[in-house]
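Visitor: Sharing a structure, written as C-alpha cells. Questions coming.
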Amino acid sequence: MIEHYVSGLQEVDETQGATVGGKGAHLGALSRIDGIRVPAGFCVTTDAFRRIMAEAPSIDDRLDQLSRLSPDDREAIRTRSAEIRRIIEGIVLPDEVAAAITGALTRLGERAAYAVRSSATAEDLPTASFAGQQDTYLNVMGPAAILSHVSRCWASLFSERAVTYRQRNGIDHRTVQMAVVVQRMVFPQAAGVLFTADPVTSNRKVASVEASFGLGEALVSGLVNADAYRVRDGEIIDRAIAAKRLAVHALPGGGTTQQAIDPERQEQPALTDAQVVRLVRLGRRIEAHFGHPQDIEWCLVDDDFQIVQSRPITTLFPVPETDDAENHVYVSVGHQQMMTDAMKPLGFSVWQLTALAPMHHAGGRLFVDVTRHLASPTSRAGLLDALGTYTDPLMRDALETVIDRDDFIPSLPDQVQAWTPAGGPPAPIETDPAIVTDLVDGSRARIVTLRGAIRTASGPALFDLLLAAFEEHKRSLGDPRSMQVIMAGMDATRWLNEHLAKWLGEKNAADTLTLSAPGNVTSEMGLALLDVADVIRPHPEVVAYLREVEDEGFLEELHTLPGGRKARAAIRAYLDTYGMRCVGEIDITRPRWSERPTTLVPLILDNVRNFESGASGRRFAQGLRAAAGKEQDVLERLRALPDGERKADETKRMIDRVRTFIGYREYPKYDIVSRYFVYKQALLEEAERLVHANVLREKEDVFYLTFQELHDVVRTHRADDQLIHRRKEAFRSYQALTPPRVLTSDGEGISGAYRRDDVPTGALVGLPVSGGIVEGRARVILDLADADLEPGDILVTAFTDPSWSPLFVAIEGLVTEVGGLMTHGAVVAREYGLPAVVGVERATTLIRDGQRIRVHGTDGYVEILS
C-alpha cells in the first residue's frame, strides 16, 4: 500500500474521516459548499500517525496497561497517558513524513502563520463530538515549529481527558487514529459559535449565535461573556449584548495573547444585526449539506465570514420522522410506562406492534402524536385531565405550554373522539369480584395456549404465528371489561379522595383504604420474595454461598449445601411466577430475571438480613387491619354529619368498589410481560439458528434489528452487518440522551413545571401519591443490582416499574423523578403504606446518597435535612 501523508483540504470530503479525521473531513466538505469560505490548508493523514506509532513499539504495552484501567482511576490514567505522550513527542519524524509536510507548507507559503489542529478519527461524529478532547495550536510560524506542533497534536490523542472520555464511552484506544489539520491563520475582528438548533430548548427552527471580539479562543475557553442572539425565520427574536473585557489576539512572532478591550468598546455588539442574520443563513446552508444540526465555529474578517469548524450537535434529542411538513406534538411513552431508558430496535418495534395506539420512535424512545387531540376542545380537555390526574402532571403542564402558543396547534371543531386511555369510554360495571377473576383466568389460559403454539414453530412460520399472536395480544389488552375494571378502580379512588376531603377535610384518605387490596400482582411479587427469604434464612451455608454468587448458573450448585434443595426450589418457584420481569421490561431485549437470576440475590439477602420469618403474612395482615380500621373510622365520622347516612352509604359502596378493582390495575402489565417472555424465547431460539448458519455473529445482534427486519433476515438468510454496527453505535449515543416529556416537531423538548407556592423554601416539589410523612436516610439507587438497604431507608430513584416492587418491602418512603398518581410505583407505595412523592425533577442529582430527608407524601414535597 502506498502511504499518503498529506492531503489538501480541497481533496477530501466527509467520507474520508478514516484518513483525515472528523475535523479534517468536515473542513474538506465545507470547502466544497457553494458560498462557504474555509481558510486554505491541508491534512497530515492517519498514514503519518501510524508511521510514527510504528517507530515506538513500546507504546503497545502501555496501551494494554491503559485499557485495563478504570476511567475513575485518574492518577493511573494521568501517569500512563503522560508516558505515551512523551514517547510520541520524542520521536524524530521520518524524512518522508517531514518532507511531505514541509512541501505542503511551501505551496501554501512558508512565511505565513498557521493553526495546527488535531483531527481524530473518533471526532465530530453524529453520535459523539469529542469536542475539546485533543489540542489546537494557533498562530504557529515556521516549518520547524509546525512540525513540532504536529507531533504535539499526535500526542494529544493521549491527553488525560481524551483517554478518560474514550474509557467512559467504551472506545478502544487502538481504534482511534490522529490526523492533523494545518490551516492558514485568519485574524478576525470577531469570532464565535453558531448552533443551527437552540442548544437549550433543542428547537431546530431557532439558531443561536455567540460572538466576541478577536479570536474565538476567548469565547470557547470561557475567558469572556459573549454577545448572544437567537434567530428564527430570518429574524432576531432575542439578543443579549455582554460586556466583553478581554480579547485574544495573535502575536507578530507567533502565539497568542490576551488584550484588554477599550472600555468604550466593551458593550458594543461584536456583530451587526444584519451580520447575525447573514451568518445564520450560512449555517442553514451548512446544516442542509450535512443533514444534521451543526455546531459551527466562525470568524469575521473584513465583513466576510470564514468557517473554521463544523460538527454535529450530539446533545439534541432526535425528532420522529413524518411524511408531512405540519406541526406535531408528541408525548413520551416512557414517562407513562416508567421506563425512560433507550430501547433497542427490536424492543421498540415489538412494543409498537402490540400497542393499542400508533407510536413513533426517536432517540430509542417511543412517542404518541397527540396533535389532533389537542386541536379539538373536547378531546383536549379529556387528554389533559387524564394526564394531569393519573399519569404525570408535568406532562400536562408541558402540553399547556404548547397550547398557549396560539400559532402552533391548529384549531379543529369537536370532531375528534374524546381522549381515553384505550380509545373508548368504558361503560360502568357492577362491583363484582368475579369479573376480575374471569379476566385473570382468561389471560392465563391464553398464555398457556400461546406457549404451546410457539413451542414447535420456526423460520418464517414463526413470524407468521407471532404476527397473529400480536393481534390477539392487542385484542386481549383492549378487552372493554379490562378497561372498565381499571377505570372503575381509578375513579373510585378519585371519588373517595375528593369527597372525603370535602366532607371530612382529610387529604388522600384512599391511600389507607386501599392498603393490602386483593389481587395486586405487583405487591404480591414483593411479599413473595420475603417468603423466599424465609426458606433461606435458617441455612447459614446457603446465605454465605449467595453472598459470593457471580455466575448465573448458581442455582445448579445449591443442592450440594445443607438446605440448598429447599432454597433452590423456592427461588425457582418464584422465577416460574415472576421470572419474566426485569427493570425496563417494556423492552423485550432486556434480560429477564429468569435469564439473569443473580439480579434477585441482593434483594433476597437484604430480606434475610432485615426481616424475621413470617414478615410477608404479618405485613399483609397489618395492611388489612389498617384499611378496615380506616373504613370504620371514616364511616362513623360521616354518619355524624348532616345527611350522614347517605354519605356513609355512598362511601361504603366506593370503598367496596375500590378494594374489588384497584388490585387489577397491575395485571395487564403482568400479562404483557408474560407474553413478551414467550415471544423473546422464541426469537432467541431463531437467533441461535441464524448464528449456527453463520448469518449472524452473535444471537444478541437480533436486538438491533426491528421485528420486520429480523423477519426478512430469517426469510433471506442475509443480514446487514454494517446496519447492526450502526444501530449499536446509535444505541450507545441514545443512552446518553434524556427524553423530554413532550416533544414538538420543531425538536423542542418541554419538561413542564409545578406552579406551586405552598411548599417550604428549598423543598423539592413533586406529586403526592401516597400519604404520610417519613424521615430517614436517602438511598439513591439507579440500578436494582446496587440495592443495599437498611431498615428506615427512603428509596430515591429515577423511575420504578413493577420490577422494583421487591425493594418496597424494605423501605419507609419513595421519591422518584418520573411518575403519576396511577403509575406502578405509586400504586404499590399505597398498597404498602409508604409515603411517596413522584415526578421530582432531578431528584437523583439534587439528593445525595446518605443524606437525611423528609418525604411529605400527603402534600407532595421533599425536604433535605442534612
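Identifiers in this document derive from the order of the C-alpha cells: chains are assigned A, B, ..., residues are numbered from 1 separately in each chain, and ligands are numbered from 1 in order of occurrence.
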Name all residues at most 8 Å from Gln189 of chain A (count only C-alpha atoms; drop same-chain ones fewer than 6 positions away) and give them as a list in words.
Guide: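 Those residues are Phe213, Gly214, Leu215, Cys299, Leu300, Val301 and Asp302 of chain A.
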Visitor: Name the residues of segment 313-376 of chain A that come out as strand (DSSP E or B) in a backbone DSSP run; write them as a PyMOL selection string.
Guide: chain A and resi 329-332+360-362+365-369
Visitor: Rank nothing, just name the residue among A:Ser745, A:Gly820, A:Asp323, A:Arg78 nearest to Lys205 of chain A, using only C-alpha atoms.
Guide: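 Of A:Ser745, A:Gly820, A:Asp323, A:Arg78, the one nearest Lys205 of chain A is A:Ser745, counting only C-alpha atoms.
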Visitor: What is the atom CA of Val815 of chain A-atom CA of Thr391 of chain A distance in Å, reported with one decimal?
Guide: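 We find that atom CA of Val815 of chain A and atom CA of Thr391 of chain A lie 15.7 Å from each other.
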Visitor: Fewer than 3 positions away in the same chain doesn't count, so skip those; otherwise give me all residues within 8 Å of segment 707-710 of chain A, counting only C-alpha atoms, as a PyMOL selection string.
Guide: chain A and resi 345-346+349-350+702+713-714
Visitor: What is the distance, in Å and to one decimal place, between atom CA of Thr121 of chain A and atom CA of Arg51 of chain A?
Guide: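 Distance reported for this atom pair: 15.9 Å.
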Visitor: Env of Ser58 of chain A: 12 Å cut, atoms = only C-alpha atoms, seq-sep filter 6 positions within chain, self excluded. Answer as a list in words.
Guide: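 My reading of the contact set: Asp64, Gln65, Glu83, Ile84, Ile87 and Ile88 of chain A.
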Visitor: Quick one: distance from atom CA of Lys699 of chain A to atom CA of Met343 of chain A in Å, one decimal?
Guide: 17.3 Å
Visitor: Enumerate, as an NGL selection string, the complete set of residues in segment 236-287 of chain A that a backbone-based DSSP assignment places in alpha helix (DSSP H).
Guide: :A and (273-287)
Visitor: Export N, CA and C atoms of the chosen residues as a JSON list (two decimals), in the first residue's frame?
Guide:
[["chain", "number", "residue", "atom", "x", "y", "z"],
["A", 273, "ASP", "N", -26.77, 43.41, 13.43],
["A", 273, "ASP", "CA", -27.91, 42.52, 13.26],
["A", 273, "ASP", "C", -27.90, 41.87, 11.89],
["A", 274, "ALA", "N", -27.55, 42.63, 10.87],
["A", 274, "ALA", "CA", -27.53, 42.09, 9.51],
["A", 274, "ALA", "C", -26.49, 40.98, 9.39],
["A", 275, "GLN", "N", -25.35, 41.16, 10.05],
["A", 275, "GLN", "CA", -24.32, 40.11, 10.02],
["A", 275, "GLN", "C", -24.80, 38.84, 10.73],
["A", 276, "VAL", "N", -25.51, 39.01, 11.84],
["A", 276, "VAL", "CA", -26.03, 37.84, 12.56],
["A", 276, "VAL", "C", -26.97, 37.04, 11.67],
["A", 277, "VAL", "N", -27.89, 37.73, 11.01],
["A", 277, "VAL", "CA", -28.85, 37.06, 10.14],
["A", 277, "VAL", "C", -28.14, 36.39, 8.97],
["A", 278, "ARG", "N", -27.14, 37.08, 8.41],
["A", 278, "ARG", "CA", -26.37, 36.50, 7.28],
["A", 278, "ARG", "C", -25.61, 35.26, 7.74],
["A", 279, "LEU", "N", -25.04, 35.30, 8.93],
["A", 279, "LEU", "CA", -24.31, 34.15, 9.46],
["A", 279, "LEU", "C", -25.24, 32.95, 9.63],
["A", 280, "VAL", "N", -26.43, 33.17, 10.17],
["A", 280, "VAL", "CA", -27.38, 32.07, 10.36],
["A", 280, "VAL", "C", -27.78, 31.48, 9.01],
["A", 281, "ARG", "N", -27.90, 32.36, 7.99],
["A", 281, "ARG", "CA", -28.24, 31.86, 6.66],
["A", 281, "ARG", "C", -27.13, 30.92, 6.14],
["A", 282, "LEU", "N", -25.88, 31.27, 6.39],
["A", 282, "LEU", "CA", -24.77, 30.38, 6.01],
["A", 282, "LEU", "C", -24.84, 29.08, 6.80],
["A", 283, "GLY", "N", -25.19, 29.19, 8.09],
["A", 283, "GLY", "CA", -25.31, 28.00, 8.92],
["A", 283, "GLY", "C", -26.37, 27.04, 8.41],
["A", 284, "ARG", "N", -27.49, 27.58, 7.94],
["A", 284, "ARG", "CA", -28.55, 26.72, 7.41],
["A", 284, "ARG", "C", -28.07, 25.99, 6.15],
["A", 285, "ARG", "N", -27.25, 26.67, 5.36],
["A", 285, "ARG", "CA", -26.70, 26.02, 4.17],
["A", 285, "ARG", "C", -25.78, 24.86, 4.56],
["A", 286, "ILE", "N", -24.97, 25.07, 5.58],
["A", 286, "ILE", "CA", -24.08, 24.01, 6.07],
["A", 286, "ILE", "C", -24.90, 22.86, 6.66],
["A", 287, "GLU", "N", -25.91, 23.19, 7.45],
["A", 287, "GLU", "CA", -26.77, 22.17, 8.04],
["A", 287, "GLU", "C", -27.43, 21.32, 6.96]]
Visitor: Can you list, as a list in words, every protein, DNA or RNA residue that comes within 8 Å of Leu513 of chain A when you count only C-alpha atoms, leaving out same-chain residues fewer than 3 positions away?
Guide: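 Returned residues: Ala509, Ala510, Ala626, Ala627, Ala628, Lys630, Glu631, Ile655 and Arg659 of chain A.
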Visitor: Which one of A:His289, A:Val837, A:Lys344, A:Asp295 sits closest to Asp701 of chain A if you count only C-alpha atoms?
Guide: A:Lys344
Visitor: Counting only C-alpha atoms, which residue out of A:Ser594, A:Tyr667, A:Leu383, A:Pro562 sits closest to Gly519 of chain A?
Guide: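 For Gly519 of chain A, the nearest of the candidates is A:Tyr667.
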Visitor: Would you please work out which residue, of A:Arg689, A:Arg697, A:His26, A:Arg777, is nearest to Ile724 of chain A when using only C-alpha atoms?
Guide: A:Arg697
Visitor: Of the candidates A:Arg596, A:Lys680, A:Arg830, A:Arg68, which shows the shortest atom-to-atom distance to Cys582 of chain A, using only C-alpha atoms?
Guide: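 Answer, going by the shortest atom-to-atom distance: A:Arg596.
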Visitor: Excluding Arg852 of chain A and residues on its chain fewer than 2 positions from it, collect all residues at most 10 Å away from it, counting only C-alpha atoms, and give them as an MDAnalysis selection string.
Guide: chainID A and resid 775:779 793:794 847:850 854 863:866
Visitor: Using only N, CA, C and O atoms, please write the residues we just selected to a file, as a short mmCIF file (atom, residue, chain, number, x, y, z; two decimals), in the first residue's frame.
Guide:
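The file below, result06.cif, is the result:
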data_model
loop_
_atom_site.label_atom_id
_atom_site.label_comp_id
_atom_site.auth_asym_id
_atom_site.auth_seq_id
_atom_site.Cartn_x
_atom_site.Cartn_y
_atom_site.Cartn_z
N GLU A 775 -39.25 10.38 57.68
CA GLU A 775 -37.90 10.95 57.69
C GLU A 775 -36.91 9.79 57.76
O GLU A 775 -37.12 8.83 58.49
N GLY A 776 -35.83 9.88 56.99
CA GLY A 776 -34.86 8.80 57.01
C GLY A 776 -33.69 9.06 56.09
O GLY A 776 -33.55 10.14 55.51
N ARG A 777 -32.84 8.03 55.96
CA ARG A 777 -31.65 8.13 55.11
C ARG A 777 -32.05 7.91 53.65
O ARG A 777 -32.73 6.94 53.32
N ALA A 778 -31.63 8.80 52.79
CA ALA A 778 -31.87 8.64 51.35
C ALA A 778 -30.91 7.61 50.77
O ALA A 778 -29.70 7.68 51.00
N ARG A 779 -31.47 6.64 50.05
CA ARG A 779 -30.64 5.70 49.30
C ARG A 779 -30.91 5.96 47.82
O ARG A 779 -31.96 5.61 47.30
N ASP A 793 -34.69 3.16 55.49
CA ASP A 793 -34.20 3.88 54.31
C ASP A 793 -35.36 4.37 53.44
O ASP A 793 -36.45 3.77 53.40
N ILE A 794 -35.08 5.47 52.72
CA ILE A 794 -36.01 6.02 51.74
C ILE A 794 -35.39 5.85 50.36
O ILE A 794 -34.26 6.30 50.12
N ILE A 847 -30.53 15.14 45.46
CA ILE A 847 -30.43 14.42 46.73
C ILE A 847 -29.22 13.50 46.65
O ILE A 847 -29.09 12.71 45.73
N ARG A 848 -28.33 13.61 47.63
CA ARG A 848 -27.13 12.77 47.65
C ARG A 848 -27.39 11.51 48.48
O ARG A 848 -28.09 11.55 49.51
N ASP A 849 -26.80 10.42 48.03
CA ASP A 849 -26.93 9.16 48.75
C ASP A 849 -26.43 9.34 50.19
O ASP A 849 -25.34 9.86 50.43
N GLY A 850 -27.25 8.93 51.15
CA GLY A 850 -26.87 9.03 52.55
C GLY A 850 -27.39 10.25 53.27
O GLY A 850 -27.34 10.32 54.50
N ARG A 854 -36.81 14.31 54.44
CA ARG A 854 -38.18 14.13 54.95
C ARG A 854 -39.13 14.16 53.75
O ARG A 854 -39.12 15.12 52.97
N GLU A 863 -38.01 17.48 51.75
CA GLU A 863 -37.06 18.38 52.39
C GLU A 863 -35.74 17.66 52.60
O GLU A 863 -35.72 16.51 53.07
N ILE A 864 -34.65 18.32 52.25
CA ILE A 864 -33.32 17.79 52.51
C ILE A 864 -32.87 18.34 53.87
O ILE A 864 -32.74 19.55 54.04
N LEU A 865 -32.65 17.43 54.83
CA LEU A 865 -32.38 17.85 56.21
C LEU A 865 -30.90 17.94 56.52
O LEU A 865 -30.50 18.67 57.42
N SER A 866 -30.09 17.16 55.83
CA SER A 866 -28.65 17.19 56.12
C SER A 866 -27.86 16.81 54.88
O SER A 866 -28.40 16.23 53.95
#
Visitor: Taking only C-alpha atoms into account, which of A:Ala40, A:Thr256, A:Met487, A:Ala120 comes nearest Leu138 of chain A?
Guide: A:Thr256
Visitor: Find the residues near segment 804-814 of chain A: any atom within 6 Å, counting only C-alpha atoms, skip ones fewer than 6 places away on the same chain, and give them as a PyMOL selection string.
Guide: chain A and resi 526+792-795+834-836
Visitor: Could you write those residues out with all heavy atoms, as a PDB file, in the first residue's frame?
Guide:
ATOM      1  N   GLY A 526     -43.539  -8.577  45.622  1.00  0.00           N
ATOM      2  CA  GLY A 526     -42.618  -8.154  46.673  1.00  0.00           C
ATOM      3  C   GLY A 526     -42.757  -8.980  47.925  1.00  0.00           C
ATOM      4  O   GLY A 526     -41.756  -9.379  48.552  1.00  0.00           O
ATOM      5  N   GLY A 792     -35.598   1.571  57.551  1.00  0.00           N
ATOM      6  CA  GLY A 792     -35.762   3.017  57.684  1.00  0.00           C
ATOM      7  C   GLY A 792     -35.302   3.816  56.486  1.00  0.00           C
ATOM      8  O   GLY A 792     -35.496   5.032  56.438  1.00  0.00           O
ATOM      9  N   ASP A 793     -34.693   3.163  55.488  1.00  0.00           N
ATOM     10  CA  ASP A 793     -34.205   3.878  54.312  1.00  0.00           C
ATOM     11  C   ASP A 793     -35.356   4.372  53.444  1.00  0.00           C
ATOM     12  O   ASP A 793     -36.445   3.774  53.397  1.00  0.00           O
ATOM     13  CB  ASP A 793     -33.301   2.980  53.467  1.00  0.00           C
ATOM     14  CG  ASP A 793     -31.905   2.827  54.059  1.00  0.00           C
ATOM     15  OD1 ASP A 793     -31.590   3.558  55.015  1.00  0.00           O
ATOM     16  OD2 ASP A 793     -31.148   1.973  53.571  1.00  0.00           O
ATOM     17  N   ILE A 794     -35.075   5.472  52.715  1.00  0.00           N
ATOM     18  CA  ILE A 794     -36.013   6.023  51.738  1.00  0.00           C
ATOM     19  C   ILE A 794     -35.386   5.852  50.355  1.00  0.00           C
ATOM     20  O   ILE A 794     -34.262   6.305  50.121  1.00  0.00           O
ATOM     21  CB  ILE A 794     -36.303   7.507  52.019  1.00  0.00           C
ATOM     22  CG1 ILE A 794     -36.999   7.658  53.383  1.00  0.00           C
ATOM     23  CG2 ILE A 794     -37.155   8.115  50.913  1.00  0.00           C
ATOM     24  CD1 ILE A 794     -37.114   9.088  53.855  1.00  0.00           C
ATOM     25  N   LEU A 795     -36.085   5.194  49.470  1.00  0.00           N
ATOM     26  CA  LEU A 795     -35.576   4.946  48.120  1.00  0.00           C
ATOM     27  C   LEU A 795     -35.753   6.193  47.260  1.00  0.00           C
ATOM     28  O   LEU A 795     -36.852   6.748  47.161  1.00  0.00           O
ATOM     29  CB  LEU A 795     -36.318   3.771  47.481  1.00  0.00           C
ATOM     30  CG  LEU A 795     -36.010   3.476  46.009  1.00  0.00           C
ATOM     31  CD1 LEU A 795     -34.537   3.103  45.813  1.00  0.00           C
ATOM     32  CD2 LEU A 795     -36.914   2.358  45.486  1.00  0.00           C
ATOM     33  N   LEU A 834     -46.486   3.317  52.048  1.00  0.00           N
ATOM     34  CA  LEU A 834     -45.234   4.082  52.044  1.00  0.00           C
ATOM     35  C   LEU A 834     -45.502   5.523  51.614  1.00  0.00           C
ATOM     36  O   LEU A 834     -46.035   5.741  50.526  1.00  0.00           O
ATOM     37  CB  LEU A 834     -44.230   3.473  51.063  1.00  0.00           C
ATOM     38  CG  LEU A 834     -43.853   2.016  51.259  1.00  0.00           C
ATOM     39  CD1 LEU A 834     -42.971   1.553  50.101  1.00  0.00           C
ATOM     40  CD2 LEU A 834     -43.141   1.823  52.588  1.00  0.00           C
ATOM     41  N   PRO A 835     -45.156   6.524  52.407  1.00  0.00           N
ATOM     42  CA  PRO A 835     -45.235   7.898  51.904  1.00  0.00           C
ATOM     43  C   PRO A 835     -44.393   8.025  50.634  1.00  0.00           C
ATOM     44  O   PRO A 835     -43.253   7.554  50.587  1.00  0.00           O
ATOM     45  CB  PRO A 835     -44.654   8.732  53.047  1.00  0.00           C
ATOM     46  CG  PRO A 835     -44.866   7.884  54.271  1.00  0.00           C
ATOM     47  CD  PRO A 835     -44.697   6.470  53.808  1.00  0.00           C
ATOM     48  N   ALA A 836     -44.980   8.643  49.610  1.00  0.00           N
ATOM     49  CA  ALA A 836     -44.281   8.696  48.321  1.00  0.00           C
ATOM     50  C   ALA A 836     -44.583  10.004  47.599  1.00  0.00           C
ATOM     51  O   ALA A 836     -45.720  10.471  47.579  1.00  0.00           O
ATOM     52  CB  ALA A 836     -44.684   7.508  47.443  1.00  0.00           C
TER      53      ALA A 836
END
